[in-house]
Structure formats: C-alpha cells, structure tokens
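The structure file work_0.txt is reproduced below (compact mmCIF, C-alpha atoms).
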# COMPACT_ATOMS: atom_id res chain seq x y z
CA MET R 988 -29.72 0.81 -6.20
CA ILE R 989 -30.57 4.49 -6.48
CA GLY R 990 -28.18 5.47 -3.67
CA LYS R 991 -25.21 4.01 -5.51
CA GLN R 992 -26.28 5.62 -8.77
CA ILE R 993 -26.66 9.07 -7.23
CA ARG R 994 -23.25 8.84 -5.57
CA LEU R 995 -21.57 7.47 -8.70
CA GLU R 996 -22.79 10.53 -10.61
CA ARG R 997 -20.90 12.71 -8.13
CA ILE R 998 -17.58 11.08 -9.02
CA MET R 999 -18.05 10.60 -12.78
CA ASN R 1000 -18.97 12.76 -15.75
CA ARG R 1001 -22.70 12.21 -16.25
CA ASN R 1002 -22.53 12.89 -19.97
CA THR R 1003 -19.59 10.70 -20.92
CA GLY R 1004 -19.65 8.08 -18.18
CA ARG R 1005 -15.93 8.65 -17.67
CA ALA R 1006 -13.90 9.95 -14.75
CA VAL R 1007 -10.68 11.66 -13.81
CA ILE R 1008 -9.90 10.55 -10.27
CA ILE R 1009 -6.84 11.79 -8.39
CA PRO R 1010 -5.63 9.45 -5.62
CA MET R 1011 -3.96 11.44 -2.85
CA ASP R 1012 -3.47 8.62 -0.35
CA HIS R 1013 0.27 8.28 -0.98
CA GLY R 1014 1.34 9.87 2.30
CA PHE R 1015 0.35 6.74 4.22
CA THR R 1016 2.55 4.62 2.00
CA LEU R 1017 5.49 6.93 1.33
CA GLY R 1018 5.40 9.65 4.00
CA GLN R 1019 5.63 13.39 3.45
CA ILE R 1020 6.09 13.36 -0.30
CA LYS R 1021 6.27 16.23 -2.77
CA GLY R 1022 2.90 17.63 -3.72
CA LEU R 1023 0.94 16.61 -0.64
CA GLY R 1024 2.33 19.03 1.93
CA ASN R 1025 -0.52 21.56 1.78
CA MET R 1026 -3.65 19.49 1.28
CA PRO R 1027 -6.22 22.31 0.89
CA GLU R 1028 -3.98 23.96 -1.69
CA ILE R 1029 -3.41 20.86 -3.84
CA ILE R 1030 -7.05 19.76 -3.56
CA SER R 1031 -8.13 23.20 -4.78
CA ALA R 1032 -5.74 22.94 -7.73
CA VAL R 1033 -7.04 19.46 -8.58
CA ALA R 1034 -10.67 20.59 -8.32
CA GLU R 1035 -10.12 23.70 -10.42
CA GLY R 1036 -8.45 21.53 -13.06
CA GLY R 1037 -11.69 19.62 -13.48
CA ALA R 1038 -11.04 16.30 -11.73
CA ASN R 1039 -14.18 14.42 -10.77
CA ALA R 1040 -12.96 13.05 -7.46
CA ILE R 1041 -10.04 12.58 -5.09
CA VAL R 1042 -9.05 9.61 -2.93
CA LEU R 1043 -8.07 10.29 0.68
CA HIS R 1044 -7.49 8.33 3.86
CA LYS R 1045 -9.93 9.15 6.65
CA GLY R 1046 -7.56 11.34 8.66
CA MET R 1047 -6.91 13.63 5.71
CA VAL R 1048 -10.57 14.42 4.99
CA LYS R 1049 -10.70 17.10 7.66
CA ALA R 1050 -7.19 18.32 6.81
CA GLY R 1051 -8.18 18.79 3.19
CA HIS R 1052 -11.66 20.26 3.69
CA ARG R 1053 -11.51 23.73 2.14
CA LYS R 1054 -14.96 25.23 2.91
CA GLN R 1055 -14.74 27.20 -0.33
CA GLY R 1056 -13.93 26.86 -4.03
CA LYS R 1057 -15.08 24.28 -6.54
CA ASP R 1058 -16.62 21.08 -5.18
CA ILE R 1059 -15.08 17.69 -5.89
CA GLY R 1060 -16.13 14.11 -5.22
CA LEU R 1061 -14.69 12.35 -2.17
CA ILE R 1062 -13.58 8.71 -2.16
CA VAL R 1063 -12.35 7.42 1.20
CA HIS R 1064 -9.69 4.72 0.95
CA LEU R 1065 -10.20 1.81 3.35
CA SER R 1066 -6.94 -0.16 3.18
CA ALA R 1067 -3.25 0.66 3.50
CA SER R 1068 0.36 -0.40 3.94
CA THR R 1069 3.68 1.43 4.19
CA SER R 1070 6.86 1.25 2.15
CA MET R 1071 8.73 0.24 5.35
CA ASN R 1072 6.80 -3.01 5.64
CA PRO R 1073 8.86 -6.06 4.62
CA ASP R 1074 5.92 -6.73 2.28
CA PRO R 1075 4.55 -3.37 1.07
CA ASN R 1076 1.98 -5.27 -1.02
CA ASP R 1077 0.20 -6.44 2.16
CA LYS R 1078 -2.81 -4.11 2.46
CA VAL R 1079 -4.79 -4.13 5.70
CA MET R 1080 -8.09 -2.51 6.64
CA VAL R 1081 -7.79 0.89 8.35
CA CYS R 1082 -11.31 2.27 7.84
CA THR R 1083 -14.90 1.07 7.42
CA VAL R 1084 -17.77 1.92 5.11
CA GLU R 1085 -19.69 3.36 8.06
CA GLU R 1086 -16.79 5.68 8.94
CA ALA R 1087 -16.64 6.83 5.33
CA ILE R 1088 -20.36 7.63 5.36
CA ALA R 1089 -19.90 9.72 8.52
CA LEU R 1090 -17.09 11.60 6.75
CA GLY R 1091 -19.35 12.52 3.82
CA ALA R 1092 -17.82 10.16 1.26
CA ASP R 1093 -19.35 9.73 -2.18
CA ALA R 1094 -17.58 6.36 -2.59
CA VAL R 1095 -15.02 4.11 -0.94
CA SER R 1096 -12.00 2.29 -2.34
CA ILE R 1097 -9.97 -0.75 -1.37
CA HIS R 1098 -6.68 -2.14 -2.68
CA ILE R 1099 -5.94 -5.75 -3.68
CA ASN R 1100 -2.62 -7.13 -4.95
CA LEU R 1101 -3.13 -10.45 -6.72
CA GLY R 1102 -0.14 -12.71 -6.38
CA ALA R 1103 1.07 -11.17 -3.11
CA PRO R 1104 1.58 -13.52 -0.13
CA ASN R 1105 -1.49 -12.15 1.67
CA GLU R 1106 -3.73 -12.08 -1.40
CA SER R 1107 -6.39 -14.24 0.26
CA LYS R 1108 -6.85 -11.83 3.20
CA MET R 1109 -7.13 -8.83 0.86
CA ILE R 1110 -9.80 -10.65 -1.17
CA GLU R 1111 -11.65 -11.59 2.01
CA ASP R 1112 -11.61 -7.98 3.23
CA ALA R 1113 -12.85 -6.75 -0.15
CA GLY R 1114 -15.73 -9.22 0.00
CA MET R 1115 -16.84 -7.86 3.37
CA VAL R 1116 -16.51 -4.26 2.17
CA SER R 1117 -18.59 -5.07 -0.91
CA LYS R 1118 -21.32 -6.46 1.34
CA GLN R 1119 -21.38 -3.26 3.38
CA CYS R 1120 -21.39 -1.10 0.23
CA THR R 1121 -24.48 -2.93 -0.99
CA LYS R 1122 -26.15 -2.42 2.39
CA TRP R 1123 -25.49 1.33 2.44
CA GLY R 1124 -25.75 2.13 -1.27
CA MET R 1125 -22.10 3.16 -1.37
CA PRO R 1126 -20.11 2.86 -4.64
CA LEU R 1127 -17.01 0.67 -4.40
CA LEU R 1128 -13.81 1.37 -6.32
CA ILE R 1129 -11.50 -1.65 -6.27
CA MET R 1130 -7.86 -0.89 -7.04
CA ILE R 1131 -6.37 -4.20 -8.10
CA TYR R 1132 -3.00 -5.12 -9.59
CA PRO R 1133 -0.92 -8.19 -10.48
CA ARG R 1134 1.93 -7.96 -7.98
CA GLY R 1135 3.97 -10.89 -6.89
CA GLN R 1136 7.14 -12.83 -7.52
CA GLY R 1137 7.51 -13.74 -11.18
CA ILE R 1138 4.37 -11.86 -12.25
CA ASP R 1139 4.44 -9.40 -15.15
CA PRO R 1140 2.45 -6.38 -13.83
CA ASN R 1141 1.34 -5.40 -17.35
CA SER R 1142 0.56 -8.86 -18.70
CA PRO R 1143 -2.85 -8.75 -20.44
CA GLN R 1144 -3.71 -12.13 -18.95
CA ALA R 1145 -2.80 -11.00 -15.43
CA VAL R 1146 -4.55 -7.62 -15.76
CA GLY R 1147 -7.62 -9.33 -17.19
CA HIS R 1148 -7.64 -11.71 -14.24
CA CYS R 1149 -7.49 -8.74 -11.86
CA VAL R 1150 -10.42 -7.05 -13.57
CA ARG R 1151 -12.49 -10.23 -13.42
CA VAL R 1152 -11.78 -10.71 -9.70
CA ALA R 1153 -12.84 -7.14 -8.95
CA GLU R 1154 -16.00 -7.49 -11.03
CA GLU R 1155 -16.92 -10.75 -9.30
CA LEU R 1156 -16.36 -9.14 -5.90
CA GLY R 1157 -18.95 -6.49 -6.73
CA ALA R 1158 -16.87 -3.47 -7.73
CA ASP R 1159 -18.70 -0.49 -9.21
CA LEU R 1160 -15.44 0.92 -10.60
CA ILE R 1161 -12.12 -0.80 -11.20
CA LYS R 1162 -8.65 0.73 -11.25
CA THR R 1163 -5.84 -1.38 -12.67
CA SER R 1164 -2.68 -1.29 -14.76
CA TYR R 1165 -2.74 -0.44 -18.45
CA THR R 1166 -1.53 -3.34 -20.56
CA GLY R 1167 0.49 -1.08 -22.84
CA ASP R 1168 -1.47 -1.42 -26.06
CA PRO R 1169 -5.09 -0.70 -27.05
CA GLU R 1170 -5.76 -4.09 -28.64
CA SER R 1171 -5.10 -6.15 -25.53
CA PHE R 1172 -6.79 -3.59 -23.27
CA ARG R 1173 -9.91 -3.53 -25.48
CA LYS R 1174 -10.36 -7.29 -24.95
CA ILE R 1175 -10.30 -6.70 -21.18
CA THR R 1176 -12.82 -3.85 -21.14
CA ALA R 1177 -15.11 -5.65 -23.60
CA ALA R 1178 -15.31 -8.64 -21.26
CA CYS R 1179 -16.15 -6.50 -18.20
CA SER R 1180 -19.53 -4.97 -17.25
CA VAL R 1181 -17.90 -2.44 -14.89
CA PRO R 1182 -16.06 0.79 -15.84
CA VAL R 1183 -12.29 0.20 -15.91
CA LEU R 1184 -9.89 3.07 -15.20
CA ILE R 1185 -6.13 2.95 -15.66
CA ALA R 1186 -3.50 3.75 -13.05
CA GLY R 1187 -0.73 6.26 -13.67
CA GLY R 1188 2.25 3.96 -13.84
CA GLU R 1189 5.70 5.45 -14.34
CA LYS R 1190 5.75 9.22 -14.69
CA ALA R 1191 6.18 10.26 -18.32
CA GLY R 1192 6.09 13.51 -20.29
CA ASP R 1193 2.82 15.39 -20.67
CA LEU R 1194 2.18 14.37 -24.29
CA GLN R 1195 3.18 10.73 -23.77
CA THR R 1196 0.87 10.45 -20.74
CA LEU R 1197 -2.07 11.99 -22.61
CA GLU R 1198 -1.49 9.71 -25.61
CA THR R 1199 -1.57 6.67 -23.33
CA VAL R 1200 -4.77 7.94 -21.74
CA LEU R 1201 -6.39 8.43 -25.15
CA ASP R 1202 -5.37 4.91 -26.21
CA SER R 1203 -7.02 3.50 -23.08
CA VAL R 1204 -10.35 5.33 -23.47
CA GLU R 1205 -10.53 4.53 -27.18
CA ALA R 1206 -10.08 0.90 -26.14
CA GLY R 1207 -13.12 1.10 -23.86
CA GLY R 1208 -11.53 2.47 -20.71
CA ALA R 1209 -13.60 4.74 -18.47
CA GLY R 1210 -10.86 7.20 -17.55
CA VAL R 1211 -7.94 7.46 -15.20
CA CYS R 1212 -6.81 7.30 -11.59
CA LEU R 1213 -3.59 9.34 -11.70
CA GLY R 1214 -1.85 10.26 -8.46
CA ARG R 1215 1.78 11.40 -8.53
CA ASN R 1216 1.51 11.57 -12.32
CA SER R 1217 -0.85 14.51 -11.80
CA PHE R 1218 -0.36 16.26 -8.47
CA GLN R 1219 3.44 16.30 -8.79
CA ARG R 1220 3.33 18.11 -12.15
CA GLU R 1221 4.72 21.64 -12.34
CA ASN R 1222 1.19 22.97 -12.86
CA PRO R 1223 -1.25 20.31 -11.58
CA SER R 1224 -4.38 22.30 -12.35
CA ALA R 1225 -3.44 22.92 -15.98
CA PHE R 1226 -2.33 19.32 -16.50
CA ILE R 1227 -5.53 17.91 -15.01
CA SER R 1228 -7.56 20.25 -17.20
CA ALA R 1229 -5.76 18.85 -20.25
CA LEU R 1230 -6.23 15.31 -18.93
CA SER R 1231 -9.96 15.84 -18.41
CA ARG R 1232 -10.41 17.17 -21.93
CA VAL R 1233 -8.69 14.11 -23.42
CA VAL R 1234 -10.59 11.63 -21.24
CA ASN R 1235 -13.95 13.18 -22.12
CA GLY R 1236 -13.27 13.53 -25.84
CA LYS R 1237 -13.00 17.31 -25.87
CA ALA R 1238 -9.48 17.48 -27.27
CA THR R 1239 -6.73 15.40 -28.79
CA PRO R 1240 -3.49 15.08 -26.79
CA GLU R 1241 -1.82 17.53 -29.16
CA GLU R 1242 -4.60 20.10 -28.76
CA ALA R 1243 -4.59 19.67 -24.98
CA ILE R 1244 -0.81 20.14 -24.87
CA ARG R 1245 -1.01 23.34 -26.94
CA ASP R 1246 -3.49 24.77 -24.45
CA LEU R 1247 -1.32 23.56 -21.58
CA GLU R 1248 1.68 25.40 -22.98
CA LYS R 1249 -0.14 28.72 -23.45
CA PRO R 1250 0.97 31.50 -21.06
CA ALA R 1251 -1.32 31.98 -18.08
Let's see the structure in the file written out as structure tokens.
Amino acid sequence: MIGKQIRLERIMNRNTGRAVIIPMDHGFTLGQIKGLGNMPEIISAVAEGGANAIVLHKGMVKAGHRKQGKDIGLIVHLSASTSMNPDPNDKVMVCTVEEAIALGADAVSIHINLGAPNESKMIEDAGMVSKQCTKWGMPLLIMIYPRGQGIDPNSPQAVGHCVRVAEELGADLIKTSYTGDPESFRKITAACSVPVLIAGGEKAGDLQTLETVLDSVEAGGAGVCLGRNSFQRENPSAFISALSRVVNGKATPEEAIRDLEKPA
C-alpha cells in the first residue's frame, strides 16, 4: 500500500528505518502536567531536537500547530482514559481514522492493555481501527502493554504476547515495554515482522536512559516512544538530539552525553 508507505516515511528515518516518537497525549490521562503547558513551545523544542513524530489527541492538534519552524510527523491518538477512572487501564475510543485524516495526520495510534478487565473491547476496537487504516492507507501504531492483576509488565513472555497480538491485528508499528535485557528482547523482535519501539518506563538519568535505548536497538528494536522521559527533561531539545543520535547509530551513549553536557 503506497499510501501507508509514504506516510510511514514521514514518521521514521528513511535511512535507518528507526524512529524517535514523542507521545504528548498525557494531558488526557493526567491533566495539566509539567512540560505540556505551552504546546507550540514544547513541540518546537521536540522538533528541533530531531524527533520524527509526536503523538497528540485530536483537540491538541490545532493548539500545537505552530505555522513555522521545523516540520514533524503527526500521529493522532484514537483511544483514552483518565487517572481518575476506577480502572485507568480501560481505554475507550475518542477519535476515528477519518477525523485523523481531516486533521492532517501521518499516522494514528491506539492503546491496548492485555490482562485488563476490558481487554476484549480494546482488542475489538483495535480490529476496527486496523480495518479503517487499511481502507485509507493510514499507518497504525499500536501501543500495547501487559497490565493486569498478577501480571509482570516486563515479563518477556507477556511482552512477546503483546507484540504478537499487535502484529496479528495489523499494526504497522508497535510500542511496548522493554523487557530489561537485550537477549530476551532480541527473541521478541526476531519473531516479529513489524518494527517494535520501546516505551519510556520509569524516568532515569540521561546516560542510563540512552544505554537502555542502545541495548534495545542493538537487539533489533526500531527506536523509542518516550513521553515524560523526554519532554520533562531540563533541556528537551538537547536530550532528544542525543536520543536521536543513539537510536540512529550516530553516537554512543557516552558520546551523546558529552555533547549534551557542552555549554550552549
């Protein structure tokens, strides 16, 4: 599907086949959090840092449209929940593929939590979204995690199951948890025909984060989807620049950190 391929190239590095994607949909879940108060400002910082794409809910597309500066790919997120819900893992549809097209999206994303009480409805919604993405030539990023009572969110078996579900649903890109070590993650990426990107997880120091990212790409990962781990940094643009260099094989974590620490 040439439409999907053209759009995918707007949200990934054409030369490396990897991506640095910055989700900025956290306001729906958590409210007015640090880093997302001035959307044009933070989007400009993220774009200047070299990120390939951002993830926004539909109402924030207009709020974040800058009309100037460096371009960046747009992924419109289709599902949501809030932290005030008795079950925050219950994601419901709040947008459609057609709405995303009208907003100028290069791709859409949807969230699934395997093991949550409403897992079946999230899977059903993702199946319908996948059908519409095929119809319109729209790339689909499925964000999928093992989240439920008694489930280890970083278990290689559970993460591998998530990746397989997303692949079988028709994802063009998959975002999931990192298993914590390259060996187990390599088995997951090797068994999947779709690019797999890791989520940010708990916020760590600059060097530790970049080392984890390098481990994941050397194990076959296709990059990162880092939200608060990137836009809540002291200097988001500089950190994302370092992140992009590591993801695309332009620098080691140590080299990227040295550049990050240089005076402006």
Inset, instruction - Could you check which of R:Pro1240, R:Gly1060, R:Gly1208, R:Gly1124 is closest to R:Leu1160, using only C-alpha atoms? - result: R:Gly1208
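Atom pair atom CA of R:Lys991 / atom CA of R:Thr1163: separated by 21.3 Å.
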Using all atoms listed in the file, tabulate the residues of stretch 1211-1241 of chain R lying at most 10 Å from any atom of stretch 997-1019 of chain R, each with its closest atom pair and that distance in Å to one decimal, by chain and increasing residue number, as CSV.
residue,atom,partner,partner_atom,distance
R:Val1211,CA,R:Val1007,CA,5.2
R:Cys1212,CA,R:Ile1008,CA,4.7
R:Leu1213,CA,R:Ile1009,CA,5.2
R:Gly1214,CA,R:Pro1010,CA,4.8
R:Arg1215,CA,R:Met1011,CA,8.1
R:Asn1216,CA,R:Ile1009,CA,9.2
R:Ser1217,CA,R:Ile1009,CA,7.4
R:Phe1218,CA,R:Ile1009,CA,7.9
R:Ile1227,CA,R:Val1007,CA,8.2
R:Ser1228,CA,R:Val1007,CA,9.7
R:Leu1230,CA,R:Val1007,CA,7.7
R:Ser1231,CA,R:Val1007,CA,6.3
R:Arg1232,CA,R:Val1007,CA,9.8
R:Val1234,CA,R:Arg1005,CA,7.1
R:Asn1235,CA,R:Thr1003,CA,6.3
R:Gly1236,CA,R:Thr1003,CA,8.5
Inset, instruction - Take atom CA of R:Val1079 and atom CA of R:Ile1062 and report the distance between them in Å, one decimal. - result: 17.4 Å
Inset, instruction - For R:Leu1197, please output as an NGL selection string all residues within 9 Å (counting only C-alpha atoms; exclusion window: fewer than 2 positions along the same chain). - result: :R and (1192-1195 or 1199-1202 or 1229-1230 or 1233-1234 or 1239-1241 or 1243-1244)
Inset, instruction - Calculate how many Å separate atom CA of R:Glu1035 from atom CA of R:Ser1224, rounding to one decimal. - result: 6.2 Å
List as a PDB file with C-alpha atoms, in the coordinates of the input: which residues have an atom within 12 Å of (3.4, 27.8, -20.2), counting all atoms listed in the file?
ATOM      1  CA  GLU R1221       4.720  21.640 -12.340  1.00  0.00           C
ATOM      2  CA  ASN R1222       1.190  22.970 -12.860  1.00  0.00           C
ATOM      3  CA  ALA R1225      -3.440  22.920 -15.980  1.00  0.00           C
ATOM      4  CA  PHE R1226      -2.330  19.320 -16.500  1.00  0.00           C
ATOM      5  CA  ILE R1244      -0.810  20.140 -24.870  1.00  0.00           C
ATOM      6  CA  ARG R1245      -1.010  23.340 -26.940  1.00  0.00           C
ATOM      7  CA  ASP R1246      -3.490  24.770 -24.450  1.00  0.00           C
ATOM      8  CA  LEU R1247      -1.320  23.560 -21.580  1.00  0.00           C
ATOM      9  CA  GLU R1248       1.680  25.400 -22.980  1.00  0.00           C
ATOM     10  CA  LYS R1249      -0.140  28.720 -23.450  1.00  0.00           C
ATOM     11  CA  PRO R1250       0.970  31.500 -21.060  1.00  0.00           C
ATOM     12  CA  ALA R1251      -1.320  31.980 -18.080  1.00  0.00           C
TER      13      ALA R1251
END
Inset, instruction - Write out as a PyMOL selection string which residues come within 8 Å of R:Ile1138 when counting only C-alpha atoms, dropping same-chain ones fewer than 5 positions away. - result: chain R and resi 1102+1133+1145
Legend entry - For R:Thr1166: contacts at 9 Å, all atoms listed in the file, fewer than 3 positions along chain excluded, given as a list in words: Pro1140, Asn1141, Ser1142, Pro1143, Val1146, Pro1169, Ser1171 and Phe1172 of chain R
Export, as a PDB file, in the frame of the given file, the selected residues with C-alpha atoms.
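The resulting file, part.pdb, is reproduced below:
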ATOM      1  CA  PRO R1140       2.450  -6.380 -13.830  1.00  0.00           C
ATOM      2  CA  ASN R1141       1.340  -5.400 -17.350  1.00  0.00           C
ATOM      3  CA  SER R1142       0.560  -8.860 -18.700  1.00  0.00           C
ATOM      4  CA  PRO R1143      -2.850  -8.750 -20.440  1.00  0.00           C
ATOM      5  CA  VAL R1146      -4.550  -7.620 -15.760  1.00  0.00           C
ATOM      6  CA  PRO R1169      -5.090  -0.700 -27.050  1.00  0.00           C
ATOM      7  CA  SER R1171      -5.100  -6.150 -25.530  1.00  0.00           C
ATOM      8  CA  PHE R1172      -6.790  -3.590 -23.270  1.00  0.00           C
TER       9      PHE R1172
END
Using all atoms listed in the file, which protein or nucleic acid residues come within 8 Å of R:Cys1179? Drop anything in the same chain fewer than 6 positions from it, and give the result as an mmCIF file with C-alpha atoms, keeping the file's coordinate frame.
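Contents of around.cif, freshly written:
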data_model
loop_
_atom_site.group_PDB
_atom_site.id
_atom_site.type_symbol
_atom_site.label_atom_id
_atom_site.label_comp_id
_atom_site.auth_asym_id
_atom_site.auth_seq_id
_atom_site.Cartn_x
_atom_site.Cartn_y
_atom_site.Cartn_z
ATOM 1 C CA VAL R 1150 -10.420 -7.050 -13.570
ATOM 2 C CA ARG R 1151 -12.490 -10.230 -13.420
ATOM 3 C CA GLU R 1154 -16.000 -7.490 -11.030
#
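Compared by their closest atoms to R:Gln1144, and using only C-alpha atoms, the residues R:Ile1175, R:Ala1092, R:Ile1131, R:Ile1110 rank with R:Ile1175 nearest.
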Legend entry - Within 12 Å of R:Asp1093 using all atoms listed in the file, minus same-chain residues under 2 positions, as a VMD selection string: chain R and resid 990 to 999 1039 to 1043 1059 to 1064 1084 1087 to 1091 1095 to 1096 1120 1123 to 1128
Would you fill out stretch 1033-1044 of chain R with all heavy atoms and return it as a PDB file, in the frame of the given file?
ATOM      1  N   VAL R1033      -6.480  20.639  -7.908  1.00  0.00           N
ATOM      2  CA  VAL R1033      -7.040  19.460  -8.580  1.00  0.00           C
ATOM      3  C   VAL R1033      -8.504  19.709  -8.966  1.00  0.00           C
ATOM      4  O   VAL R1033      -8.942  19.393 -10.076  1.00  0.00           O
ATOM      5  CB  VAL R1033      -6.910  18.231  -7.659  1.00  0.00           C
ATOM      6  CG1 VAL R1033      -7.768  17.082  -8.159  1.00  0.00           C
ATOM      7  CG2 VAL R1033      -5.446  17.792  -7.565  1.00  0.00           C
ATOM      8  N   ALA R1034      -9.264  20.310  -8.046  1.00  0.00           N
ATOM      9  CA  ALA R1034     -10.670  20.590  -8.320  1.00  0.00           C
ATOM     10  C   ALA R1034     -10.828  21.611  -9.439  1.00  0.00           C
ATOM     11  O   ALA R1034     -11.643  21.434 -10.351  1.00  0.00           O
ATOM     12  CB  ALA R1034     -11.354  21.095  -7.045  1.00  0.00           C
ATOM     13  N   GLU R1035     -10.037  22.666  -9.389  1.00  0.00           N
ATOM     14  CA  GLU R1035     -10.120  23.700 -10.420  1.00  0.00           C
ATOM     15  C   GLU R1035      -9.715  23.152 -11.788  1.00  0.00           C
ATOM     16  O   GLU R1035     -10.180  23.636 -12.826  1.00  0.00           O
ATOM     17  CB  GLU R1035      -9.248  24.902 -10.046  1.00  0.00           C
ATOM     18  CG  GLU R1035      -9.756  25.688  -8.854  1.00  0.00           C
ATOM     19  CD  GLU R1035     -11.160  26.237  -9.053  1.00  0.00           C
ATOM     20  OE1 GLU R1035     -11.495  26.635 -10.182  1.00  0.00           O
ATOM     21  OE2 GLU R1035     -11.941  26.257  -8.070  1.00  0.00           O
ATOM     22  N   GLY R1036      -8.855  22.150 -11.803  1.00  0.00           N
ATOM     23  CA  GLY R1036      -8.450  21.530 -13.060  1.00  0.00           C
ATOM     24  C   GLY R1036      -9.541  20.692 -13.697  1.00  0.00           C
ATOM     25  O   GLY R1036      -9.443  20.345 -14.873  1.00  0.00           O
ATOM     26  N   GLY R1037     -10.564  20.355 -12.919  1.00  0.00           N
ATOM     27  CA  GLY R1037     -11.690  19.620 -13.480  1.00  0.00           C
ATOM     28  C   GLY R1037     -11.744  18.144 -13.139  1.00  0.00           C
ATOM     29  O   GLY R1037     -12.508  17.397 -13.761  1.00  0.00           O
ATOM     30  N   ALA R1038     -10.960  17.703 -12.157  1.00  0.00           N
ATOM     31  CA  ALA R1038     -11.040  16.300 -11.730  1.00  0.00           C
ATOM     32  C   ALA R1038     -12.423  16.023 -11.147  1.00  0.00           C
ATOM     33  O   ALA R1038     -13.053  16.904 -10.552  1.00  0.00           O
ATOM     34  CB  ALA R1038      -9.962  15.993 -10.706  1.00  0.00           C
ATOM     35  N   ASN R1039     -12.875  14.794 -11.302  1.00  0.00           N
ATOM     36  CA  ASN R1039     -14.180  14.420 -10.770  1.00  0.00           C
ATOM     37  C   ASN R1039     -14.142  14.069  -9.298  1.00  0.00           C
ATOM     38  O   ASN R1039     -15.126  14.288  -8.576  1.00  0.00           O
ATOM     39  CB  ASN R1039     -14.743  13.225 -11.552  1.00  0.00           C
ATOM     40  CG  ASN R1039     -14.938  13.531 -13.010  1.00  0.00           C
ATOM     41  OD1 ASN R1039     -14.084  13.210 -13.827  1.00  0.00           O
ATOM     42  ND2 ASN R1039     -16.043  14.169 -13.357  1.00  0.00           N
ATOM     43  N   ALA R1040     -13.020  13.498  -8.842  1.00  0.00           N
ATOM     44  CA  ALA R1040     -12.960  13.050  -7.460  1.00  0.00           C
ATOM     45  C   ALA R1040     -11.514  12.884  -7.009  1.00  0.00           C
ATOM     46  O   ALA R1040     -10.600  12.777  -7.834  1.00  0.00           O
ATOM     47  CB  ALA R1040     -13.706  11.715  -7.287  1.00  0.00           C
ATOM     48  N   ILE R1041     -11.330  12.876  -5.701  1.00  0.00           N
ATOM     49  CA  ILE R1041     -10.040  12.580  -5.090  1.00  0.00           C
ATOM     50  C   ILE R1041     -10.194  11.387  -4.161  1.00  0.00           C
ATOM     51  O   ILE R1041     -11.301  11.064  -3.733  1.00  0.00           O
ATOM     52  CB  ILE R1041      -9.492  13.786  -4.292  1.00  0.00           C
ATOM     53  CG1 ILE R1041     -10.514  14.246  -3.242  1.00  0.00           C
ATOM     54  CG2 ILE R1041      -9.107  14.922  -5.232  1.00  0.00           C
ATOM     55  CD1 ILE R1041     -10.009  15.347  -2.314  1.00  0.00           C
ATOM     56  N   VAL R1042      -9.077  10.737  -3.871  1.00  0.00           N
ATOM     57  CA  VAL R1042      -9.050   9.610  -2.930  1.00  0.00           C
ATOM     58  C   VAL R1042      -8.200  10.009  -1.742  1.00  0.00           C
ATOM     59  O   VAL R1042      -7.035  10.390  -1.903  1.00  0.00           O
ATOM     60  CB  VAL R1042      -8.464   8.344  -3.590  1.00  0.00           C
ATOM     61  CG1 VAL R1042      -8.440   7.193  -2.578  1.00  0.00           C
ATOM     62  CG2 VAL R1042      -9.256   7.954  -4.826  1.00  0.00           C
ATOM     63  N   LEU R1043      -8.775   9.931  -0.545  1.00  0.00           N
ATOM     64  CA  LEU R1043      -8.070  10.290   0.680  1.00  0.00           C
ATOM     65  C   LEU R1043      -8.250   9.215   1.737  1.00  0.00           C
ATOM     66  O   LEU R1043      -9.279   8.525   1.764  1.00  0.00           O
ATOM     67  CB  LEU R1043      -8.613  11.606   1.259  1.00  0.00           C
ATOM     68  CG  LEU R1043      -8.496  12.891   0.445  1.00  0.00           C
ATOM     69  CD1 LEU R1043      -9.194  14.028   1.184  1.00  0.00           C
ATOM     70  CD2 LEU R1043      -7.046  13.234   0.167  1.00  0.00           C
ATOM     71  N   HIS R1044      -7.273   9.112   2.641  1.00  0.00           N
ATOM     72  CA  HIS R1044      -7.490   8.330   3.860  1.00  0.00           C
ATOM     73  C   HIS R1044      -8.305   9.166   4.844  1.00  0.00           C
ATOM     74  O   HIS R1044      -8.343  10.407   4.758  1.00  0.00           O
ATOM     75  CB  HIS R1044      -6.151   7.923   4.482  1.00  0.00           C
ATOM     76  CG  HIS R1044      -5.542   6.714   3.841  1.00  0.00           C
ATOM     77  ND1 HIS R1044      -6.113   5.461   3.943  1.00  0.00           N
ATOM     78  CD2 HIS R1044      -4.424   6.564   3.084  1.00  0.00           C
ATOM     79  CE1 HIS R1044      -5.373   4.595   3.282  1.00  0.00           C
ATOM     80  NE2 HIS R1044      -4.353   5.235   2.742  1.00  0.00           N
TER      81      HIS R1044
END
